[in-house]
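Novice: Here it is: the structure, laid out below.
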Amino acid sequence: MLSQEVLEKLKGRSVAGFIQSLKDGSANVERYPTGFPTLDAILGGGLIAGALYIIQAESTIGKTSLCLQMSSHWAKAGKTVLYFNLDNPGDSINYRMISREYYEVALTETGNETKAKAKTKTIYELMDRNQREQMTTEERTLWEKAISAFEGYQDNIYFFESVQNIEDLKKTVEKAIKALGDDAKAVVVVDYLQKVPGDGKDEREDLTGIVKGLSSIRQCPVVALSSTPKSAQGATRASKTDGFGTVAILYDAYVIMGLIKEGDFIKLSILKNKDGEANRDVSFRFLKERGFFTEMGTGFDAMTEQEVQMRAFQQMMG
């Protein structure tokens with residue numbers, strides 16, 4: 001039997017500690033729920049530390065808004081979000097978050113999508129100070145509640161607007177987690193992969209190195225957004241071979257998710273799920289002008305007949 005001293009030198013470990021934790025009931029893999037119940041169920045309860053999750057989609061589908069909504073959920077749950085915003089103007093991403101919070105407050109109070117829309121302003125309208133100054137009393141009341149809600153978790157989300165390369169990104173994560181303390185629970189979001197600088201020699205090789213670098217971050221879950229190449233755009237179903245740097249994404253990602261627009265819905269397909277079921281779909285409604293996602297059939301007015309038929313067909317085929 002190898003001694004603990006020898007194991008440490010060899011950078012190995014025994015399973016004895018794990019078996020003991022099973023016996024005493026302390027064994028547990030902490031989950032980081034996304035806030036979307038159906039998606040979380042497919043993922044076994046949420047994200048796990050040390051795993052790389054890829055979300056790929058063509059431009060403007062809503063992958064950033066989806067990740068921002070998840071990020072708010074993690075922050076509200078006390079997790080720290082380290083969000084590398086490499087694609088969006090700094091303030092615009094903040095307005096997306098407060099706009100969604102504003103709409104959610106109105107939706108909670110009215111219980112009705114149409115009424116919630118009527119009592120709130122869009123992302124663009126909120127960017128305009130004159131529009132904010134012209135809010136009705138009711139709109140302002142909801143707006144102040146939204147700001148208060150946002151303030152409640154503002155210290156749990158940090159945005160980083162620039163990195164030099166993948167090593168710089170990893171060092172930033174390491175320093176941030178060290179500063180937060182040993183007990184800190186963090187999630188890293190990279191928006192998006194193709195915007196992380198490489199050496200410029202070969203885009204595919206650069207992305208392969210970036211993906212491998214992200215997959216080596218073991219302290220927390222890593223969510224990386226990826227842009228779908230033009231050759232794969234317009235497809236009726238996402239494919240795990242749609243991303244650049246295909247080999248790295250296929251082998252190093254723990255879970256791969258693809259987003260496509262399907263009529264009035266956004267369909268998220270689980271393309272790879274290392275320890276769970278793949279080839280599962282989750283349909284969302286997306287209010288782009290308010291940055292708000294909801295799983296189909298919850299939080300909205302009565303579904304139309306066409307929507308009911310579509311959902312029934314999906315359930316039948318699933």
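We label chains A, B, ... in the order they appear in the structure tokens, count residues from 1 in each chain, and number ligands from 1 in the order shown.
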List every residue of segment 43-124 of chain A that DSSP, applied to the backbone, labels as strand (DSSP E), and write the result as a VMD selection string.
Specialist: chain A and resid 52 to 57 80 to 85
Novice: Contacts between segment 136-159 of chain A and segment 40-128 of chain A, please, where a residue of segment 40-128 of chain A counts if it comes within 12 Å (with only C-alpha atoms); show its shortest atom pair and distance in Å to one decimal, rows by chain and ascending number, as CSV.
Specialist:
```
residue,atom,partner,partner_atom,distance
A:Leu68,CA,A:Ile157,CA,10.0
A:Gln69,CA,A:Ile157,CA,11.8
A:Met70,CA,A:Ile157,CA,11.4
A:Ser71,CA,A:Ile157,CA,7.7
A:Ser72,CA,A:Tyr153,CA,7.7
A:His73,CA,A:Tyr153,CA,9.4
A:Trp74,CA,A:Asn156,CA,8.6
A:Ala75,CA,A:Asn156,CA,5.2
A:Lys76,CA,A:Tyr153,CA,5.6
A:Ala77,CA,A:Tyr153,CA,8.7
A:Gly78,CA,A:Asn156,CA,7.0
A:Lys79,CA,A:Asn156,CA,6.5
A:Thr80,CA,A:Asn156,CA,4.6
A:Val81,CA,A:Ile157,CA,4.7
A:Leu82,CA,A:Tyr158,CA,5.2
A:Tyr83,CA,A:Phe159,CA,4.8
A:Phe84,CA,A:Phe159,CA,5.8
A:Asn85,CA,A:Phe159,CA,6.3
A:Leu86,CA,A:Phe159,CA,9.5
A:Asp87,CA,A:Phe159,CA,11.8
A:Asn88,CA,A:Phe159,CA,11.0
A:Pro89,CA,A:Phe159,CA,11.4
A:Gly90,CA,A:Phe159,CA,8.4
A:Asp91,CA,A:Phe159,CA,10.7
A:Ile93,CA,A:Phe159,CA,9.5
A:Asn94,CA,A:Phe159,CA,9.7
A:Tyr95,CA,A:Ile147,CA,11.1
A:Arg96,CA,A:Phe150,CA,11.7
A:Met97,CA,A:Phe150,CA,8.3
A:Ile98,CA,A:Phe150,CA,6.8
A:Ser99,CA,A:Ala146,CA,8.3
A:Arg100,CA,A:Ala146,CA,8.8
A:Glu101,CA,A:Ala146,CA,5.5
A:Tyr102,CA,A:Ala146,CA,4.8
A:Tyr103,CA,A:Ala146,CA,8.2
A:Glu104,CA,A:Ala146,CA,8.2
A:Val105,CA,A:Ala146,CA,6.3
A:Ala106,CA,A:Leu142,CA,6.4
A:Leu107,CA,A:Leu142,CA,10.2
A:Thr108,CA,A:Leu142,CA,10.5
A:Glu109,CA,A:Leu142,CA,9.0
A:Thr110,CA,A:Leu142,CA,10.9
A:Lys115,CA,A:Glu139,CA,11.5
A:Ala116,CA,A:Glu139,CA,10.0
A:Lys117,CA,A:Glu139,CA,10.6
A:Ala118,CA,A:Glu139,CA,9.1
A:Lys119,CA,A:Glu139,CA,5.6
A:Thr120,CA,A:Glu139,CA,6.1
A:Lys121,CA,A:Glu139,CA,8.3
A:Thr122,CA,A:Trp143,CA,11.9
A:Leu126,CA,A:Trp143,CA,10.0
```
Novice: Based on the backbone DSSP call, show me all residues of segment 21-248 of chain A assigned alpha helix (DSSP H), as number ranges by chain.
Specialist: A: 21-24, 37-42, 63-76, 90-110, 113-118, 123-127, 129-133, 137-151, 166-180, 203-215, 246-248
Novice: Output as JSON lines one row per residue of segment 3-84 of chain A within 7 Å of segment 207-219 of chain A: the closest atom pair and its distance in Å to one decimal place, counting only C-alpha atoms, sorted by chain and residue number ascending.
Specialist:
```
{"residue": "A:Ala49", "atom": "CA", "partner": "A:Gln219", "partner_atom": "CA", "distance": 6.1}
{"residue": "A:Gly50", "atom": "CA", "partner": "A:Arg218", "partner_atom": "CA", "distance": 3.9}
{"residue": "A:Ala51", "atom": "CA", "partner": "A:Ser215", "partner_atom": "CA", "distance": 6.7}
{"residue": "A:Leu52", "atom": "CA", "partner": "A:Ser215", "partner_atom": "CA", "distance": 5.5}
```
Novice: Write out as a tab-separated table the residues of segment 206-226 of chain A that have any atom within 8 Å of an atom of segment 174-189 of chain A, one row each with the nearest atom pair and its distance in Å to one decimal, counting only C-alpha atoms, sorted by chain and then rising number.
Specialist:
```
residue	atom	partner	partner_atom	distance
A:Gln219	CA	A:Ala186	CA	7.9
A:Cys220	CA	A:Val187	CA	5.6
A:Pro221	CA	A:Val187	CA	5.2
A:Val222	CA	A:Val188	CA	4.7
A:Val223	CA	A:Val189	CA	4.7
A:Ala224	CA	A:Val189	CA	5.8
A:Leu225	CA	A:Val189	CA	7.9
```
Novice: Which residues come within 12 Å of Thr60 of chain A, counting only C-alpha atoms, excluding same-chain residues fewer than 6 positions away, as a list in words?
Specialist: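 The contact residues come out as Leu66, Asp87, Asn88, Ser227, Thr228, Gln233, Leu259, Ile260, Lys261, Ile266, Phe286, Lys288, Glu289 and Gly291 of chain A.
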Novice: Which distance in Å separates atom CA of Ile48 of chain A and atom CA of Phe265 of chain A, to one decimal?
Specialist: 27.6 Å
Novice: What is the distance, in Å and to one decimal place, between atom CA of Gly46 of chain A and atom CA of Glu30 of chain A?
Specialist: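 Between these atoms lies a distance of 8.7 Å.
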